[in-house]
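J.: Have a look at the structure that comes next, please.
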Amino acid sequence: MNTRRDLLVLFALAGWALAVPHYGSEFAISMALTCLMYVALSSSWSLFCGTTRYLSLATSAFFGIGAYTSALLLESQGWWAAIALGAAIAAAVAVVMGAAVLHLRGTYFAVLTFGMTELIRHAITYWEKQVTGTVGRVLVVVPERDTIYLTVLALAVLAILVSILVRRSRFGLAMQGIGADEQRAQTLGVNTRLVKIGGFAMTAAFAGAVGAAMSVRWTYIDPATVFNPFIGFQTVLIALIGGAATLWGPLIAAIVFSLLAETLRLQLPQLYMMTLGLLLILSVLYLPGGLASLRRETFTMWRDDVRGWWRELRADKSKKAAAT
């Protein structure tokens, strides 16, 4: 029953997003495209990292690999082949990367995935300087705006659809078991190594496909643009603030962040970064389940906590006044 409800919500939201190019302005379409991009990235990231509790900072690496794949092959292979190859190459890199570092957890895993992202970025920069004599690629063939929008929308819908199905499959249960207690999952017969590599590659495939689709928004790309660590960090922040362990949390947070980005980032970039940090702190302290865990009881609990804090403060003041 929950699966049917989730599918109905997904297709209702997809239908609304599908209508945006027909009645929205250029600004609204651009904002919706950014929103859909982060919905796909954060939903696929949460599917693996939110379930297994492995904090990956490699999203920008897979995004950049997909973008460069599209830039190199779009003119000769066509749009859909470039998207598919971007996803496939990113997934292949994730398999190699995962086999090397997925035996680690916590800070070590996060630092190593970030380090490998920087290694890939610098390797591509070196290759471009030494082999091609320049840094970056000019995109000559660019699809129409609606083609790009519909592709990113399809990837966002597919990311959530895969999340719905995987979370209710044996593979999803295996990832949940790894997140709860990896050693216990091993004793129960789960091949944790293969499950982790498979989930990591799935996340990378979506990031690579999104990178391949979004690369055409720029007429010129270079490693600093498409391997930008900010893309990976913002994906993690969106997932954590929305609720990495939930299905709809990343989507809710992606909408909030897209609105903040368009209203604050260009005019007040410092305030935008401060807002991101403040949201993360408040989520960790007062809403560990993310925005998706907000319920009426949550506000009641906050109200009771504030009242209790105010009573304690007044009682302390009364004691001090009586003592003097």
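To be explicit about the labels: the chains of the structure tokens are called A, B, and onward in the order shown, and within each one the residues are counted from 1, while ligands get numbers from 1 in the order they are shown.
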Can you pull out every residue within 6 Å of stretch 171-188 of chain A, counting only C-alpha atoms, but drop anything in the same chain fewer than 5 positions away, and send it as a list in words?
T.: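 What passes the distance filter is Thr51, Thr52, Arg53 and Val166 of chain A.
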J.: Within 12 Å of A:Val216, counting only C-alpha atoms, which residues qualify if same-chain residues fewer than 2 places away don't, as a PDB file with N, CA, C and O atoms, in the first residue's frame?
T.:
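Contents of the output file out07.pdb:
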ATOM      1  N   GLY A  66      30.767  12.156 -16.077  1.00  0.00           N
ATOM      2  CA  GLY A  66      29.647  12.166 -17.009  1.00  0.00           C
ATOM      3  C   GLY A  66      29.668  13.384 -17.913  1.00  0.00           C
ATOM      4  O   GLY A  66      29.388  13.291 -19.119  1.00  0.00           O
ATOM      5  N   ALA A  67      30.008  14.548 -17.340  1.00  0.00           N
ATOM      6  CA  ALA A  67      30.056  15.778 -18.129  1.00  0.00           C
ATOM      7  C   ALA A  67      31.123  15.695 -19.215  1.00  0.00           C
ATOM      8  O   ALA A  67      30.892  16.079 -20.380  1.00  0.00           O
ATOM      9  N   TYR A  68      32.290  15.205 -18.875  1.00  0.00           N
ATOM     10  CA  TYR A  68      33.362  15.089 -19.874  1.00  0.00           C
ATOM     11  C   TYR A  68      33.041  14.033 -20.915  1.00  0.00           C
ATOM     12  O   TYR A  68      33.375  14.183 -22.088  1.00  0.00           O
ATOM     13  N   THR A  69      32.384  12.964 -20.487  1.00  0.00           N
ATOM     14  CA  THR A  69      31.967  11.941 -21.456  1.00  0.00           C
ATOM     15  C   THR A  69      31.021  12.532 -22.480  1.00  0.00           C
ATOM     16  O   THR A  69      31.157  12.289 -23.691  1.00  0.00           O
ATOM     17  N   SER A  70      30.070  13.330 -22.024  1.00  0.00           N
ATOM     18  CA  SER A  70      29.126  13.975 -22.924  1.00  0.00           C
ATOM     19  C   SER A  70      29.838  14.953 -23.856  1.00  0.00           C
ATOM     20  O   SER A  70      29.554  14.999 -25.058  1.00  0.00           O
ATOM     21  N   ALA A  71      30.775  15.731 -23.308  1.00  0.00           N
ATOM     22  CA  ALA A  71      31.485  16.711 -24.123  1.00  0.00           C
ATOM     23  C   ALA A  71      32.308  16.042 -25.224  1.00  0.00           C
ATOM     24  O   ALA A  71      32.421  16.566 -26.336  1.00  0.00           O
ATOM     25  N   LEU A  72      32.866  14.871 -24.917  1.00  0.00           N
ATOM     26  CA  LEU A  72      33.718  14.183 -25.892  1.00  0.00           C
ATOM     27  C   LEU A  72      32.928  13.396 -26.929  1.00  0.00           C
ATOM     28  O   LEU A  72      33.355  13.275 -28.082  1.00  0.00           O
ATOM     29  N   LEU A  74      29.262  13.521 -27.481  1.00  0.00           N
ATOM     30  CA  LEU A  74      27.937  13.967 -27.890  1.00  0.00           C
ATOM     31  C   LEU A  74      27.844  14.168 -29.399  1.00  0.00           C
ATOM     32  O   LEU A  74      26.863  13.758 -30.030  1.00  0.00           O
ATOM     33  N   GLU A  75      28.843  14.799 -29.985  1.00  0.00           N
ATOM     34  CA  GLU A  75      28.795  15.101 -31.415  1.00  0.00           C
ATOM     35  C   GLU A  75      28.819  13.845 -32.271  1.00  0.00           C
ATOM     36  O   GLU A  75      28.149  13.761 -33.299  1.00  0.00           O
ATOM     37  N   TRP A  79      22.797  12.142 -28.335  1.00  0.00           N
ATOM     38  CA  TRP A  79      22.416  12.561 -26.984  1.00  0.00           C
ATOM     39  C   TRP A  79      22.241  11.392 -26.029  1.00  0.00           C
ATOM     40  O   TRP A  79      22.863  11.330 -24.971  1.00  0.00           O
ATOM     41  N   ALA A  82      25.376   9.411 -25.268  1.00  0.00           N
ATOM     42  CA  ALA A  82      26.278  10.147 -24.382  1.00  0.00           C
ATOM     43  C   ALA A  82      25.816  10.041 -22.928  1.00  0.00           C
ATOM     44  O   ALA A  82      26.636   9.878 -22.017  1.00  0.00           O
ATOM     45  N   ILE A  83      24.488  10.118 -22.715  1.00  0.00           N
ATOM     46  CA  ILE A  83      23.956   9.981 -21.353  1.00  0.00           C
ATOM     47  C   ILE A  83      24.254   8.582 -20.811  1.00  0.00           C
ATOM     48  O   ILE A  83      24.716   8.424 -19.673  1.00  0.00           O
ATOM     49  N   ARG A 137      36.698  22.046 -22.755  1.00  0.00           N
ATOM     50  CA  ARG A 137      36.074  21.601 -24.011  1.00  0.00           C
ATOM     51  C   ARG A 137      34.970  22.569 -24.407  1.00  0.00           C
ATOM     52  O   ARG A 137      34.169  22.998 -23.564  1.00  0.00           O
ATOM     53  N   VAL A 138      34.930  22.879 -25.680  1.00  0.00           N
ATOM     54  CA  VAL A 138      33.840  23.698 -26.218  1.00  0.00           C
ATOM     55  C   VAL A 138      32.758  22.757 -26.735  1.00  0.00           C
ATOM     56  O   VAL A 138      33.034  21.858 -27.534  1.00  0.00           O
ATOM     57  N   LEU A 139      31.533  22.957 -26.288  1.00  0.00           N
ATOM     58  CA  LEU A 139      30.418  22.116 -26.719  1.00  0.00           C
ATOM     59  C   LEU A 139      29.802  22.732 -27.979  1.00  0.00           C
ATOM     60  O   LEU A 139      29.187  23.795 -27.920  1.00  0.00           O
ATOM     61  N   VAL A 140      29.996  22.035 -29.076  1.00  0.00           N
ATOM     62  CA  VAL A 140      29.503  22.529 -30.364  1.00  0.00           C
ATOM     63  C   VAL A 140      28.055  22.123 -30.578  1.00  0.00           C
ATOM     64  O   VAL A 140      27.216  22.917 -31.005  1.00  0.00           O
ATOM     65  N   VAL A 141      27.741  20.861 -30.264  1.00  0.00           N
ATOM     66  CA  VAL A 141      26.389  20.340 -30.450  1.00  0.00           C
ATOM     67  C   VAL A 141      25.654  20.425 -29.110  1.00  0.00           C
ATOM     68  O   VAL A 141      26.061  19.794 -28.129  1.00  0.00           O
ATOM     69  N   VAL A 142      24.592  21.207 -29.082  1.00  0.00           N
ATOM     70  CA  VAL A 142      23.813  21.378 -27.860  1.00  0.00           C
ATOM     71  C   VAL A 142      22.342  21.107 -28.172  1.00  0.00           C
ATOM     72  O   VAL A 142      21.776  21.738 -29.075  1.00  0.00           O
ATOM     73  N   PRO A 143      21.703  20.171 -27.447  1.00  0.00           N
ATOM     74  CA  PRO A 143      20.275  19.891 -27.697  1.00  0.00           C
ATOM     75  C   PRO A 143      19.403  21.083 -27.323  1.00  0.00           C
ATOM     76  O   PRO A 143      19.846  22.038 -26.679  1.00  0.00           O
ATOM     77  N   GLU A 144      18.140  21.005 -27.703  1.00  0.00           N
ATOM     78  CA  GLU A 144      17.198  22.059 -27.355  1.00  0.00           C
ATOM     79  C   GLU A 144      16.928  22.065 -25.850  1.00  0.00           C
ATOM     80  O   GLU A 144      17.125  21.072 -25.158  1.00  0.00           O
ATOM     81  N   ARG A 145      16.467  23.209 -25.382  1.00  0.00           N
ATOM     82  CA  ARG A 145      16.212  23.380 -23.956  1.00  0.00           C
ATOM     83  C   ARG A 145      15.248  22.335 -23.415  1.00  0.00           C
ATOM     84  O   ARG A 145      15.466  21.749 -22.351  1.00  0.00           O
ATOM     85  N   THR A 147      14.623  19.373 -24.512  1.00  0.00           N
ATOM     86  CA  THR A 147      15.246  18.046 -24.485  1.00  0.00           C
ATOM     87  C   THR A 147      16.076  17.868 -23.222  1.00  0.00           C
ATOM     88  O   THR A 147      16.012  16.832 -22.546  1.00  0.00           O
ATOM     89  N   ILE A 148      16.840  18.890 -22.864  1.00  0.00           N
ATOM     90  CA  ILE A 148      17.655  18.834 -21.649  1.00  0.00           C
ATOM     91  C   ILE A 148      16.747  18.721 -20.425  1.00  0.00           C
ATOM     92  O   ILE A 148      16.976  17.888 -19.536  1.00  0.00           O
ATOM     93  N   TYR A 149      15.713  19.543 -20.386  1.00  0.00           N
ATOM     94  CA  TYR A 149      14.810  19.553 -19.224  1.00  0.00           C
ATOM     95  C   TYR A 149      14.126  18.200 -19.055  1.00  0.00           C
ATOM     96  O   TYR A 149      14.082  17.651 -17.945  1.00  0.00           O
ATOM     97  N   THR A 151      15.078  15.317 -20.114  1.00  0.00           N
ATOM     98  CA  THR A 151      16.053  14.289 -19.757  1.00  0.00           C
ATOM     99  C   THR A 151      16.362  14.321 -18.266  1.00  0.00           C
ATOM    100  O   THR A 151      16.371  13.279 -17.593  1.00  0.00           O
ATOM    101  N   VAL A 152      16.626  15.523 -17.730  1.00  0.00           N
ATOM    102  CA  VAL A 152      16.931  15.633 -16.302  1.00  0.00           C
ATOM    103  C   VAL A 152      15.703  15.267 -15.472  1.00  0.00           C
ATOM    104  O   VAL A 152      15.819  14.633 -14.418  1.00  0.00           O
ATOM    105  N   VAL A 210      23.467  12.457 -14.826  1.00  0.00           N
ATOM    106  CA  VAL A 210      23.071  13.847 -14.595  1.00  0.00           C
ATOM    107  C   VAL A 210      24.171  14.793 -15.065  1.00  0.00           C
ATOM    108  O   VAL A 210      23.896  15.836 -15.687  1.00  0.00           O
ATOM    109  N   GLY A 211      25.431  14.451 -14.814  1.00  0.00           N
ATOM    110  CA  GLY A 211      26.534  15.270 -15.289  1.00  0.00           C
ATOM    111  C   GLY A 211      26.569  15.359 -16.804  1.00  0.00           C
ATOM    112  O   GLY A 211      26.805  16.429 -17.373  1.00  0.00           O
ATOM    113  N   ALA A 212      26.315  14.237 -17.476  1.00  0.00           N
ATOM    114  CA  ALA A 212      26.283  14.241 -18.938  1.00  0.00           C
ATOM    115  C   ALA A 212      25.157  15.114 -19.469  1.00  0.00           C
ATOM    116  O   ALA A 212      25.318  15.815 -20.480  1.00  0.00           O
ATOM    117  N   ALA A 213      24.011  15.091 -18.803  1.00  0.00           N
ATOM    118  CA  ALA A 213      22.872  15.894 -19.265  1.00  0.00           C
ATOM    119  C   ALA A 213      23.064  17.376 -18.958  1.00  0.00           C
ATOM    120  O   ALA A 213      22.711  18.241 -19.768  1.00  0.00           O
ATOM    121  N   MET A 214      23.622  17.693 -17.801  1.00  0.00           N
ATOM    122  CA  MET A 214      23.757  19.089 -17.394  1.00  0.00           C
ATOM    123  C   MET A 214      24.954  19.782 -18.024  1.00  0.00           C
ATOM    124  O   MET A 214      25.027  21.017 -18.011  1.00  0.00           O
ATOM    125  N   TRP A 218      26.461  24.558 -20.154  1.00  0.00           N
ATOM    126  CA  TRP A 218      27.615  25.425 -20.366  1.00  0.00           C
ATOM    127  C   TRP A 218      28.110  25.254 -21.798  1.00  0.00           C
ATOM    128  O   TRP A 218      28.178  24.136 -22.317  1.00  0.00           O
ATOM    129  N   THR A 219      28.462  26.339 -22.432  1.00  0.00           N
ATOM    130  CA  THR A 219      29.033  26.236 -23.779  1.00  0.00           C
ATOM    131  C   THR A 219      30.498  25.826 -23.728  1.00  0.00           C
ATOM    132  O   THR A 219      31.050  25.394 -24.729  1.00  0.00           O
ATOM    133  N   TYR A 220      31.103  25.959 -22.552  1.00  0.00           N
ATOM    134  CA  TYR A 220      32.501  25.572 -22.378  1.00  0.00           C
ATOM    135  C   TYR A 220      32.649  24.966 -20.986  1.00  0.00           C
ATOM    136  O   TYR A 220      32.184  25.545 -20.003  1.00  0.00           O
ATOM    137  N   ILE A 221      33.245  23.791 -20.909  1.00  0.00           N
ATOM    138  CA  ILE A 221      33.454  23.151 -19.613  1.00  0.00           C
ATOM    139  C   ILE A 221      34.937  22.904 -19.395  1.00  0.00           C
ATOM    140  O   ILE A 221      35.704  22.704 -20.343  1.00  0.00           O
ATOM    141  N   VAL A 226      33.158  21.336 -13.744  1.00  0.00           N
ATOM    142  CA  VAL A 226      32.337  20.123 -13.613  1.00  0.00           C
ATOM    143  C   VAL A 226      32.792  19.211 -12.477  1.00  0.00           C
ATOM    144  O   VAL A 226      32.024  18.361 -12.023  1.00  0.00           O
TER     145      VAL A 226
END
J.: Could you give me, as a count of residues only, each residue of stretch 16-257 of chain A that DSSP assigns to strand (DSSP E) when run on this structure's backbone?
T.: 4
J.: Would you tabulate, counting only C-alpha atoms, all residues of stretch 17-114 of chain A that have an atom at most 7 Å from an atom of stretch 256-260 of chain A, showing the closest pair of atoms and their distance in Å to one decimal, sorted by chain then ascending number, as a Markdown table?
T.:
| residue | atom | partner | partner_atom | distance |
| --- | --- | --- | --- | --- |
| A:Met31 | CA | A:Ser258 | CA | 6.5 |
| A:Thr34 | CA | A:Ser258 | CA | 6.6 |
| A:Cys35 | CA | A:Ser258 | CA | 5.4 |
J.: Restricting the output to N, CA, C and O atoms, write the selected residues as a CSV table (one decimal), in the first residue's frame.
T.:
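Ended up saving to again_24.csv:
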chain,number,residue,atom,x,y,z
A,31,MET,N,15.4,27.4,-12.8
A,31,MET,CA,15.4,27.0,-11.4
A,31,MET,C,14.9,25.6,-11.2
A,31,MET,O,15.4,24.8,-10.4
A,34,THR,N,17.7,23.1,-12.1
A,34,THR,CA,18.6,23.0,-11.0
A,34,THR,C,18.0,22.1,-9.9
A,34,THR,O,18.7,21.2,-9.3
A,35,CYS,N,16.7,22.3,-9.6
A,35,CYS,CA,16.1,21.5,-8.6
A,35,CYS,C,16.0,20.1,-8.9
A,35,CYS,O,16.3,19.2,-8.1
J.: Please identify which residues in stretch 221-290 of chain A DSSP calls alpha helix (DSSP H) from the backbone, and express them as a PyMOL selection string.
T.: chain A and resi 223-226+229-242+249-260+269-286
J.: What separation in Å, quoted to one decimal, exists between atom CA of A:Ala91 and atom CA of A:Ala205?
T.: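 It comes out at 4.8 Å.
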